[in-house]
Amino acid sequence: MRTALTLALLWSVVTGLSLWWNIDWQHSFAAGLANTSQPAAVLSEYINRHLSVLVLVHVAVWTLGMAGLVYGSHQATQRQGFQARAEKQNRLANHVFNNALEALVVTTGDGTIVRVNPAFSLLTGYEAEEVVGHKANVLRSFHHDDAFYADMWRSLLETGTWQGELKNRRKDGSIFIARESITALWEPGLGKPRYYVASFADITAQVESQQHIEHLAHYDPLTDLPNRVLFRDRLNHAVTHAGRERRRIAVLFLDLDGFKKVNDTIGHRAGDSLLVEVARRLRSCTRSSDTISRLGGDEFALVLERIDDAADVVVVADKLLAALAGSFLLEGREVFVGSSIGISMYPEDGDNAEMLLKHADTAMYQAKAEGKGRFKFYSADMTRRQEHRLELEGALRIAIENRSFEVHYQPKQRLKGGSIAGFEALVRWNHPTLGMISPVEFIPLAEELGLITHIDLLVLEQACAMGVRCQEQGHSVTMAVNLSSLDLKNPDLPTLIAGILDQTGLPPHLLVLEITESFAMEVGKGQTQILERLTQLGVSLAIDDFGTGYSSLSYLKELPVESVKIDRSFVRDIGTDSRDTMLVSTIVGLAHSLNLKVVAEGVEDHDQRALLDAHNCDEAQGYLVARPMPADQVFGFLQGMAASAIAE
């Protein structure tokens, strides 16, 4: 601007001097004319006319010159502004490029690097001078095939951009995952990119974190086996694939037989170690193409693909059972658990994953019901049994809630004299639609579901009430009630029984609690506290089904029991099998030597009764005396027996 003003001033001076010179010349010229003999008027007109023209010409020239100078100075000022702004923008671009958090790299159209920023060097380990002039594939990790890069270049040439994830290699050889964007800069009229600008950031941590989250969502964190979600997905895929290829697959549902006992006795840490070792053994028994899953708890499932026939599955099932039948070393202790396996086959046992898994589960429960430590193939009648079991389970819960059970009473008769010593209370369940359901069917189910104590306490309450009513009628008889081993593991049992005795008013000495011989053998090993607490209430204890345990005799003297009941299996053939006769005689003699009373179960004829009496058995119970009867028949039976005794 200063230069323009200077030029304008100089132009004004030049044009002024020019005007002055011309005016001075005109005056000189006029003076010359005056020396001629021209009239003064002519001279004056001549001077004025030419002077006006001269002034106008000079003003015009001066004005045009000034306008040109002003325009020129304006253009120069604009050019300076443009240049200043361009320089400012370049500085800003360089600042942004050099300070960008993402790595930036500029290449020519043929992929030669021409510029990188500091973030590039920080991320890759390459300084600018090490890569400028080299091809951009200096970062190639060879984790992507040629087709991947072909798709990338196709996108760049067709759309001018590409975005995606790349695995790149640093200078030190380590691999990182980059989220990268590439933009093509086109040369006008050239028809192809002149430069490519790529920006990328290291997202390895984010990708690994996401992969970890996805792994947790699909794998069991303890055993690292596929979980139920991933198992179903793989099973669905296997079913689809098998249907396409017309092949067979097998689904195995495996459950450990002694896992709960390990958890309860050694601890959950030992249980976790057991599951990890089970997973390892399962892997060792199967192919890499087979799927092994931990569904939860101690349940595992396997999918065996490309099965020709059931014999192939049997081979695998046998290997699994053998592997898990071996000992496990847990917390310094050798433990045996074993397993049960249910097997379903595609397409015979189901055409979808849900049905196959359900049927394998059903077969597994059947394997457990048949003794555990074995495998069972699914069959249709298993489903019918399972459906019946589910129906029974629902009905059982409702019956407990509504107290729908009845108690029948079977008398025990003294062999000496024939009087009635007492009754055994037996639970009965008459369902409104299913009819009379055998205790053999619903008692084991109640024990499995943990509901048996509710039933036993209900029977105990009704039996005690019946004992009180018998007393009021003049019959002082005992009431015997069976207790489950689950009842006896409840530390609150003595308190509950004491409450029922107080509520009903039955004298404690008239209550007999019968425990199974298997539980008696278990508590006989120094765990008699619960039995001692019961006897402190004043009730008496009896061992039921005596003789079925191979080592129970050695524990008799350690238990606070007052009587034993000889199992019906020995009584049944007492008159025809000399070994049973000898066993009964031995049991009676041993029990009497320990001051224990002996009751024989299952007495059905007079010969059996006579032999038992001859061997000094104390009491008999069975159909010969009377069948179990409902409560409303008890008093009539007692009166009839009393009348018979009087008549005799």
# chains A, B, ... in the order shown; residues from 1 in each chain; ligands from 1

call {"tool": "residues_around", "arguments": {"residues": "A:Gly111", "least_positions_apart": "3", "cutoff": "7 Å", "atoms": "only C-alpha atoms", "output": "VMD selection string"}}
result
chain A and resid 107 to 108 135 to 136

call {"tool": "select_by_dssp", "arguments": {"residues": "stretch 291-422 of chain A", "states": "alpha helix (DSSP H)", "output": "PyMOL selection string"}}
result
chain A and resi 310-325+353-369+380-402

call {"tool": "write_last_selection", "arguments": {"atoms": "C-alpha atoms", "output": "compact mmCIF listing (two decimals), in the first residue's frame"}}
result
# COMPACT_ATOMS: atom_id res chain seq x y z
CA ALA A 310 -24.25 -96.33 16.59
CA ALA A 311 -21.22 -98.57 17.09
CA ASP A 312 -18.97 -95.54 16.54
CA VAL A 313 -20.76 -93.74 19.37
CA VAL A 314 -20.44 -96.74 21.67
CA VAL A 315 -16.66 -96.65 21.24
CA VAL A 316 -16.52 -92.98 22.27
CA ALA A 317 -18.98 -93.46 25.16
CA ASP A 318 -16.92 -96.34 26.54
CA LYS A 319 -13.77 -94.23 26.34
CA LEU A 320 -15.48 -91.37 28.19
CA LEU A 321 -16.80 -93.63 30.95
CA ALA A 322 -13.39 -95.26 31.38
CA ALA A 323 -11.60 -91.91 31.49
CA LEU A 324 -13.93 -90.55 34.17
CA ALA A 325 -14.05 -93.77 36.18
CA ALA A 353 -30.92 -79.18 18.21
CA GLU A 354 -33.52 -78.66 20.94
CA MET A 355 -35.05 -82.10 20.52
CA LEU A 356 -31.71 -83.89 20.30
CA LEU A 357 -30.40 -82.28 23.47
CA LYS A 358 -33.64 -82.94 25.32
CA HIS A 359 -33.67 -86.61 24.35
CA ALA A 360 -30.00 -87.06 25.26
CA ASP A 361 -30.79 -85.52 28.66
CA THR A 362 -33.71 -87.93 29.10
CA ALA A 363 -31.49 -90.90 28.25
CA MET A 364 -28.88 -89.69 30.75
CA TYR A 365 -31.45 -89.71 33.56
CA GLN A 366 -32.42 -93.23 32.57
CA ALA A 367 -28.75 -94.26 32.78
CA LYS A 368 -28.62 -92.84 36.31
CA ALA A 369 -31.84 -94.61 37.24
CA ALA A 380 -39.41 -93.15 22.82
CA ASP A 381 -40.68 -94.76 26.02
CA MET A 382 -38.10 -92.71 27.94
CA THR A 383 -39.97 -89.58 26.92
CA ARG A 384 -43.23 -91.06 28.13
CA ARG A 385 -41.60 -91.86 31.47
CA GLN A 386 -40.06 -88.41 31.63
CA GLU A 387 -43.39 -86.75 30.89
CA HIS A 388 -45.01 -88.85 33.59
CA ARG A 389 -42.24 -87.89 35.98
CA LEU A 390 -42.78 -84.18 35.26
CA GLU A 391 -46.51 -84.58 35.78
CA LEU A 392 -45.87 -86.47 39.01
CA GLU A 393 -43.43 -83.84 40.23
CA GLY A 394 -45.96 -81.05 39.75
CA ALA A 395 -48.70 -83.07 41.41
CA LEU A 396 -46.38 -83.94 44.32
CA ARG A 397 -45.66 -80.30 45.08
CA ILE A 398 -49.36 -79.49 45.05
CA ALA A 399 -50.14 -82.48 47.27
CA ILE A 400 -47.56 -81.34 49.84
CA GLU A 401 -48.95 -77.82 49.82
CA ASN A 402 -52.53 -79.10 50.22

call {"tool": "residues_around", "arguments": {"residues": "A:Gly450", "least_positions_apart": "4", "cutoff": "10 Å", "atoms": "only C-alpha atoms", "output": "PyMOL selection string"}}
result
chain A and resi 444-446+454+486-487

call {"tool": "write_last_selection", "arguments": {"atoms": "C-alpha atoms", "output": "PDB file, in the first residue's frame"}}
result
ATOM      1  CA  PRO A 444     -37.755 -91.641  45.729  1.00  0.00           C
ATOM      2  CA  LEU A 445     -38.949 -88.660  43.697  1.00  0.00           C
ATOM      3  CA  ALA A 446     -39.647 -86.673  46.852  1.00  0.00           C
ATOM      4  CA  HIS A 454     -42.381 -82.273  54.365  1.00  0.00           C
ATOM      5  CA  LEU A 486     -32.311 -86.592  54.360  1.00  0.00           C
ATOM      6  CA  ASP A 487     -34.440 -85.999  57.465  1.00  0.00           C
TER       7      ASP A 487
END

call {"tool": "residues_around", "arguments": {"residues": "A:Leu612", "least_positions_apart": "6", "cutoff": "12 Å", "atoms": "only C-alpha atoms", "output": "VMD selection string"}}
result
chain A and resid 414 to 416 566 570 to 575 580 to 589 598 to 606 618 to 621

call {"tool": "select_by_dssp", "arguments": {"residues": "stretch 426-628 of chain A", "states": "strand (DSSP E)", "output": "ChimeraX atom specification"}}
result
/A:426-431,435-437,478-482,511-516,540-546,563-566,597-601,619-621

call {"tool": "residues_around", "arguments": {"residues": "A:Phe142", "least_positions_apart": "3", "cutoff": "9 Å", "atoms": "only C-alpha atoms", "output": "VMD selection string"}}
result
chain A and resid 145 167 to 169

call {"tool": "write_last_selection", "arguments": {"atoms": "C-alpha atoms", "output": "PDB file, in the first residue's frame"}}
result
ATOM      1  CA  ASP A 145      -4.304 -62.628   1.322  1.00  0.00           C
ATOM      2  CA  LYS A 167      -3.035 -56.203  10.626  1.00  0.00           C
ATOM      3  CA  ASN A 168       0.252 -54.337  10.155  1.00  0.00           C
ATOM      4  CA  ARG A 169       3.804 -55.137  11.178  1.00  0.00           C
TER       5      ARG A 169
END

call {"tool": "atom_distance", "arguments": {"atom1": "atom CA of A:Leu531", "atom2": "atom CA of A:Leu488"}}
result
8.1 Å

call {"tool": "closest_atom_pairs", "arguments": {"of": "stretch 216-254 of chain A", "to": "stretch 279-291 of chain A", "cutoff": "9 Å", "atoms": "only C-alpha atoms", "output": "CSV"}}
result
residue,atom,partner,partner_atom,distance
A:Thr223,CA,A:Ala279,CA,6.2
A:Asp224,CA,A:Ala279,CA,8.6
A:Leu225,CA,A:Ala279,CA,7.5
A:Pro226,CA,A:Thr291,CA,7.9
A:Phe231,CA,A:Thr291,CA,7.4
A:Arg234,CA,A:Thr291,CA,7.7
A:Leu235,CA,A:Thr291,CA,8.4
